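Peer 1: Sharing entry.txt (compact mmCIF, C-alpha atoms) below.
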```
# COMPACT_ATOMS: atom_id res chain seq x y z
CA MET Z 1 4.28 -23.02 -44.43
CA VAL Z 2 4.77 -19.63 -46.07
CA GLY Z 3 1.75 -17.38 -45.66
CA LYS Z 4 -1.81 -18.17 -46.62
CA GLN Z 5 -2.60 -18.85 -50.25
CA ASP Z 6 -5.80 -18.98 -52.20
CA PRO Z 7 -6.73 -22.63 -52.86
CA ARG Z 8 -6.94 -21.83 -56.58
CA GLU Z 9 -3.27 -20.79 -56.59
CA LEU Z 10 -2.35 -24.04 -54.87
CA VAL Z 11 -4.31 -26.03 -57.45
CA ALA Z 12 -2.35 -24.26 -60.21
CA ASN Z 13 0.92 -25.11 -58.45
CA LEU Z 14 -0.19 -28.71 -58.05
CA ARG Z 15 -1.02 -28.99 -61.75
CA ALA Z 16 2.39 -27.54 -62.66
CA CYS Z 17 4.09 -30.05 -60.38
CA LEU Z 18 2.13 -32.94 -61.88
CA SER Z 19 3.02 -31.73 -65.37
CA ALA Z 20 6.70 -31.66 -64.46
CA MET Z 21 6.44 -35.29 -63.32
CA SER Z 22 5.14 -36.46 -66.69
CA PRO Z 23 7.37 -39.11 -68.29
CA PHE Z 24 7.11 -37.09 -71.52
CA ASN Z 25 8.83 -34.13 -69.87
CA VAL Z 26 12.50 -34.31 -70.93
CA GLY Z 27 13.67 -32.64 -67.72
CA TYR Z 28 12.17 -35.29 -65.43
CA ALA Z 29 15.27 -37.46 -65.08
CA LEU Z 30 17.76 -34.61 -64.79
CA PRO Z 31 19.46 -33.89 -61.44
CA ILE Z 32 17.85 -31.23 -59.28
CA SER Z 33 20.06 -28.17 -58.99
CA GLY Z 34 22.23 -28.32 -55.90
CA SER Z 35 21.34 -31.93 -55.10
CA SER Z 36 22.80 -35.35 -55.79
CA PRO Z 37 22.39 -36.90 -59.26
CA ALA Z 38 19.09 -38.60 -60.07
CA SER Z 39 20.67 -42.04 -59.66
CA THR Z 40 21.35 -41.39 -55.94
CA CYS Z 41 18.80 -43.26 -53.81
CA THR Z 42 16.94 -42.58 -50.59
CA VAL Z 43 14.34 -44.21 -48.36
CA GLY Z 44 13.37 -40.86 -46.83
CA LEU Z 45 14.64 -41.22 -43.26
CA MET Z 46 15.27 -38.04 -41.25
CA LEU Z 47 17.79 -38.97 -38.59
CA ASN Z 48 19.23 -37.60 -35.38
CA GLY Z 49 22.04 -40.02 -34.66
CA CYS Z 50 20.40 -43.46 -34.86
CA THR Z 51 16.96 -42.10 -33.95
CA ILE Z 52 14.37 -41.46 -36.66
CA GLU Z 53 12.95 -37.97 -36.21
CA ASP Z 54 10.58 -38.15 -39.17
CA THR Z 55 10.03 -39.63 -42.63
CA MET Z 56 9.80 -37.67 -45.87
CA PRO Z 57 6.23 -37.57 -47.28
CA GLY Z 58 5.96 -39.85 -50.32
CA SER Z 59 9.17 -41.73 -49.49
CA PRO Z 60 9.48 -45.52 -49.05
CA SER Z 61 9.72 -45.18 -45.25
CA PHE Z 62 6.67 -42.89 -45.15
CA LEU Z 63 4.59 -45.12 -47.43
CA SER Z 64 5.43 -48.27 -45.47
CA GLY Z 65 3.38 -46.95 -42.55
CA LYS Z 66 5.67 -48.90 -40.24
CA VAL Z 67 8.52 -46.45 -39.65
CA LYS Z 68 7.63 -43.94 -36.95
CA ALA Z 69 9.23 -40.91 -35.36
CA GLY Z 70 11.11 -41.98 -32.26
CA ASP Z 71 12.11 -45.39 -33.63
CA VAL Z 72 15.78 -46.22 -33.09
CA ILE Z 73 17.71 -48.10 -35.78
CA LEU Z 74 19.52 -51.08 -34.27
CA GLU Z 75 20.57 -52.97 -37.40
CA VAL Z 76 20.70 -52.42 -41.15
CA ASP Z 77 20.74 -55.58 -43.27
CA ASP Z 78 21.63 -57.64 -40.16
CA LYS Z 79 24.61 -55.39 -39.33
CA LYS Z 80 24.72 -53.52 -36.04
CA VAL Z 81 24.79 -49.77 -36.49
CA THR Z 82 26.62 -46.89 -34.87
CA GLU Z 83 26.25 -43.18 -35.54
CA GLU Z 84 29.45 -43.43 -37.58
CA ASN Z 85 28.40 -46.22 -39.98
CA LEU Z 86 24.63 -45.73 -40.15
CA VAL Z 87 24.48 -43.47 -43.22
CA GLU Z 88 26.76 -45.71 -45.27
CA LEU Z 89 24.82 -48.83 -44.30
CA VAL Z 90 21.50 -47.23 -45.25
CA LYS Z 91 23.01 -46.01 -48.53
CA GLY Z 92 24.31 -49.51 -49.33
CA GLY Z 93 25.09 -50.00 -53.01
CA ASP Z 94 22.91 -46.98 -53.85
CA VAL Z 95 21.00 -49.05 -56.42
CA PRO Z 96 17.37 -48.08 -57.21
CA GLY Z 97 15.00 -50.88 -56.21
CA SER Z 98 17.52 -52.60 -53.92
CA LYS Z 99 16.12 -53.87 -50.64
CA LEU Z 100 16.96 -52.40 -47.25
CA LYS Z 101 16.13 -54.26 -44.01
CA LEU Z 102 15.90 -52.28 -40.78
CA LEU Z 103 15.68 -53.61 -37.24
CA LEU Z 104 14.01 -50.89 -35.19
CA ARG Z 105 13.30 -50.32 -31.51
CA ALA Z 106 10.08 -48.41 -30.93
CA PRO Z 107 9.67 -45.87 -28.09
CA ASN Z 108 7.82 -48.56 -26.09
CA HIS Z 109 10.98 -50.74 -26.42
CA SER Z 110 9.32 -53.30 -28.72
CA SER Z 111 11.33 -54.39 -31.78
CA LYS Z 112 10.20 -54.61 -35.39
CA THR Z 113 11.76 -55.43 -38.74
CA VAL Z 114 10.89 -53.26 -41.75
CA GLU Z 115 11.90 -53.88 -45.36
CA LEU Z 116 12.09 -50.95 -47.77
CA LEU Z 117 13.13 -50.44 -51.39
CA ARG Z 118 15.64 -47.72 -52.18
CA GLN Z 119 14.20 -45.22 -54.66
CA PRO Z 120 15.90 -42.56 -56.86
CA ARG Z 121 16.13 -39.35 -54.86
CA SER Z 122 14.60 -37.25 -57.66
CA HIS Z 123 11.49 -39.47 -57.76
CA VAL Z 124 11.05 -39.30 -53.99
CA LEU Z 125 11.42 -35.50 -54.03
CA ASP Z 126 8.76 -35.25 -56.74
CA ARG Z 127 6.36 -37.36 -54.67
CA ARG Z 128 7.18 -35.29 -51.58
CA ASP Z 129 6.24 -32.08 -53.42
CA ILE Z 130 2.89 -33.58 -54.45
CA PHE Z 131 2.08 -34.64 -50.89
CA LEU Z 132 3.08 -31.27 -49.46
CA LEU Z 133 1.07 -29.34 -52.06
CA LEU Z 134 -2.00 -31.48 -51.44
CA ASP Z 135 -1.69 -31.04 -47.69
CA GLU Z 136 -1.20 -27.28 -48.04
CA LEU Z 137 -4.24 -27.13 -50.30
CA ARG Z 138 -6.28 -28.93 -47.65
CA VAL Z 139 -5.06 -26.69 -44.81
CA ASN Z 140 -5.60 -23.44 -46.72
CA ALA Z 141 -9.05 -24.47 -47.89
CA GLY Z 142 -9.90 -25.28 -44.27
CA THR Z 143 -8.70 -21.83 -43.19
CA HIS Z 144 -10.92 -20.17 -45.80
CA ILE Z 145 -13.88 -22.27 -44.59
CA VAL Z 146 -13.41 -20.99 -41.03
CA GLU Z 147 -13.25 -17.40 -42.32
CA GLN Z 148 -16.42 -17.84 -44.36
CA ARG Z 149 -18.33 -19.38 -41.47
CA GLY Z 150 -17.27 -16.46 -39.29
CA LYS Z 151 -18.97 -13.96 -41.60
CA LYS Z 152 -22.52 -12.77 -41.05
CA LYS Z 153 -23.28 -13.54 -44.69
CA PRO Z 154 -20.90 -16.24 -45.89
CA GLU Z 155 -20.56 -16.81 -49.63
CA GLU Z 156 -22.43 -20.11 -49.80
CA GLY Z 157 -21.06 -21.04 -53.22
CA LEU Z 158 -17.46 -20.49 -52.14
CA LEU Z 159 -18.07 -22.32 -48.85
CA LYS Z 160 -19.40 -25.39 -50.71
CA HIS Z 161 -16.44 -25.27 -53.10
CA LEU Z 162 -13.95 -25.09 -50.23
CA ASN Z 163 -15.64 -27.95 -48.36
CA ARG Z 164 -15.50 -30.04 -51.52
CA THR Z 165 -11.83 -29.10 -52.00
CA VAL Z 166 -10.96 -30.33 -48.51
CA ASP Z 167 -12.84 -33.62 -49.03
CA ASP Z 168 -11.36 -34.22 -52.49
CA THR Z 169 -7.83 -33.37 -51.36
CA THR Z 170 -8.06 -35.70 -48.35
CA THR Z 171 -9.36 -38.49 -50.58
CA THR Z 172 -6.54 -37.91 -53.09
CA ILE Z 173 -3.86 -38.01 -50.38
CA ASN Z 174 -5.28 -41.27 -49.02
CA LYS Z 175 -5.51 -42.84 -52.49
CA LEU Z 176 -2.00 -41.71 -53.41
CA THR Z 177 -0.59 -43.13 -50.18
CA SER Z 178 -2.40 -46.44 -50.65
CA SER Z 179 -1.48 -46.73 -54.34
CA GLU Z 180 2.21 -45.95 -53.79
CA ALA Z 181 2.45 -48.40 -50.88
CA CYS Z 182 0.72 -51.12 -52.94
CA ASN Z 183 3.05 -50.58 -55.90
CA MET Z 184 6.10 -50.80 -53.66
CA GLU Z 185 4.86 -54.07 -52.12
CA LYS Z 186 4.30 -55.52 -55.60
CA GLU Z 187 7.75 -54.42 -56.73
CA MET Z 188 9.36 -55.94 -53.66
CA GLY Z 189 7.48 -59.21 -54.21
CA LEU Z 190 8.52 -59.34 -57.87
CA ARG Z 191 12.17 -58.75 -57.01
CA GLU Z 192 12.09 -61.50 -54.39
CA PHE Z 193 10.52 -63.89 -56.92
CA CYS Z 194 13.20 -63.06 -59.51
CA SER Z 195 15.91 -63.62 -56.90
CA ARG Z 196 14.51 -67.08 -56.10
CA VAL Z 197 14.29 -67.93 -59.81
CA ASN Z 198 17.91 -66.82 -60.32
CA ALA Z 199 19.04 -68.89 -57.35
CA VAL Z 200 17.42 -72.02 -58.82
CA THR Z 201 18.56 -71.52 -62.40
CA MET Z 202 22.16 -70.45 -61.77
```
Please go through the file and, once you have read it, give me the structure as structure tokens.

Peer 2:
Amino acid sequence: MVGKQDPRELVANLRACLSAMSPFNVGYALPISGSSPASTCTVGLMLNGCTIEDTMPGSPSFLSGKVKAGDVILEVDDKKVTEENLVELVKGGDVPGSKLKLLLRAPNHSSKTVELLRQPRSHVLDRRDIFLLLDELRVNAGTHIVEQRGKKKPEEGLLKHLNRTVDDTTTTINKLTSSEACNMEKEMGLREFCSRVNAVTM
């Protein structure tokens, strides 16, 4: 995090970011400068070899709630992985909405299977920015609350506003996480249904 910002500045940044995400904004689908084209997909895994170090906020792996730091990838789509082939297997056909199945070994040595949907990188980066801005807003508002409470005569109006900002931001993060995860589950279910229909009708 870079320095401490006034919560009002963060709110302005958040609004600008939300505006940029509007489907009516002609620049939304354009590639981000210095990155891969918008059609390139990701599931938001941050890897060290075959070990997952973290997941990108707002990404399919993050929203699943099942992929954790320290998990080791054993298989991708029923294919055993090595450090050499892992990235290509995760990338797959690089098709937005395509399904990715991971067999993971947790730090306690238990195994689990997680299914994710590949998402356009630009969309995931937009969601990441929203999550990070919301979290920064919450942290900075909390810092201002501590400062106010440390004063002999805290500004009661500002203190109430900051407390409300923290509560509202936390609620928004939770709702956004829940909504995104629900939408991804519905999309995965719809794609599986269409695949079954195609298999019967072909």

Peer 1: Of the candidates Z:Gly142, Z:Gly93, Z:Gly70, Z:Pro120, which shows the shortest atom-to-atom distance to Z:Leu159, using only C-alpha atoms?

Peer 2: Z:Gly142

Peer 1: Separation of atom CA of Z:Glu155 and atom CA of Z:Asn140, in Å?

Peer 2: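 Result for atom CA of Z:Glu155 versus atom CA of Z:Asn140: 16.6 Å, one decimal.
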
Peer 1: Taking only C-alpha atoms into account, which of Z:Lys99, Z:Arg105, Z:Arg164, Z:Lys91 comes nearest Z:Leu117?

Peer 2: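 Between Z:Lys99, Z:Arg105, Z:Arg164, Z:Lys91, the residue approaching Z:Leu117 most closely is Z:Lys99.
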
Peer 1: Using all atoms listed in the file, which residue out of Z:Val87, Z:Val124, Z:Val95, Z:Ile73 lies closest to Z:Met56?

Peer 2: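 For Z:Met56, the nearest of the given residues is Z:Val124.
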
Peer 1: Kindly give the distance, in Å, that separates atom CA of Z:Val90 and atom CA of Z:Thr113, rounded to a single decimal.

Peer 2: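 Spanning atom CA of Z:Val90 to atom CA of Z:Thr113 is a straight-line distance of 14.3 Å.
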
Peer 1: Just want the 12 Å neighbourhood of Z:Ser64, counted on only C-alpha atoms, with same-chain residues fewer than 4 positions away dropped. Output as a PyMOL selection string.

Peer 2: chain Z and resi 43-45+55-60+68+113-117+177-185+188

Peer 1: Identify which of the residues Z:Asp168, Z:His109, Z:Val197, Z:Gln119 lies closest to Z:Leu137, counting all atoms listed in the file when measuring atom-to-atom distances.

Peer 2: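 Comparing Z:Asp168, Z:His109, Z:Val197, Z:Gln119 against Z:Leu137, the winner is Z:Asp168.
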
Peer 1: As an exercise, work out the distance from atom CA of Z:Phe62 to atom CA of Z:Gly92 in Å and give it to one decimal place.

Peer 2: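 One can read the atom CA of Z:Phe62 to atom CA of Z:Gly92 distance as 19.3 Å.
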
Peer 1: Taking all atoms listed in the file into account, which of Z:Leu132, Z:Ser195, Z:Lys66, Z:Asp77 comes nearest Z:Ile52?

Peer 2: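 Nearest candidate to Z:Ile52 out of Z:Leu132, Z:Ser195, Z:Lys66, Z:Asp77: Z:Lys66.
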
Peer 1: Using all atoms listed in the file, which of Z:Ser98, Z:Thr169, Z:Thr40, Z:Asn85 sits nearest Z:Val139?

Peer 2: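 Of all the options, Z:Thr169 lies closest to Z:Val139.
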
Peer 1: Quick one: residues within 9 Å of stretch 144-150 of chain Z, only C-alpha atoms, excluding same-chain residues fewer than 5 positions away - as a list of chain:residue names?

Peer 2: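 In the requested format, the answer is Z:Asp6, Z:Pro7, Z:Val139, Z:Glu155, Z:Glu156, Z:Leu158, Z:Leu159, Z:Lys160, Z:Leu162, Z:Asn163.
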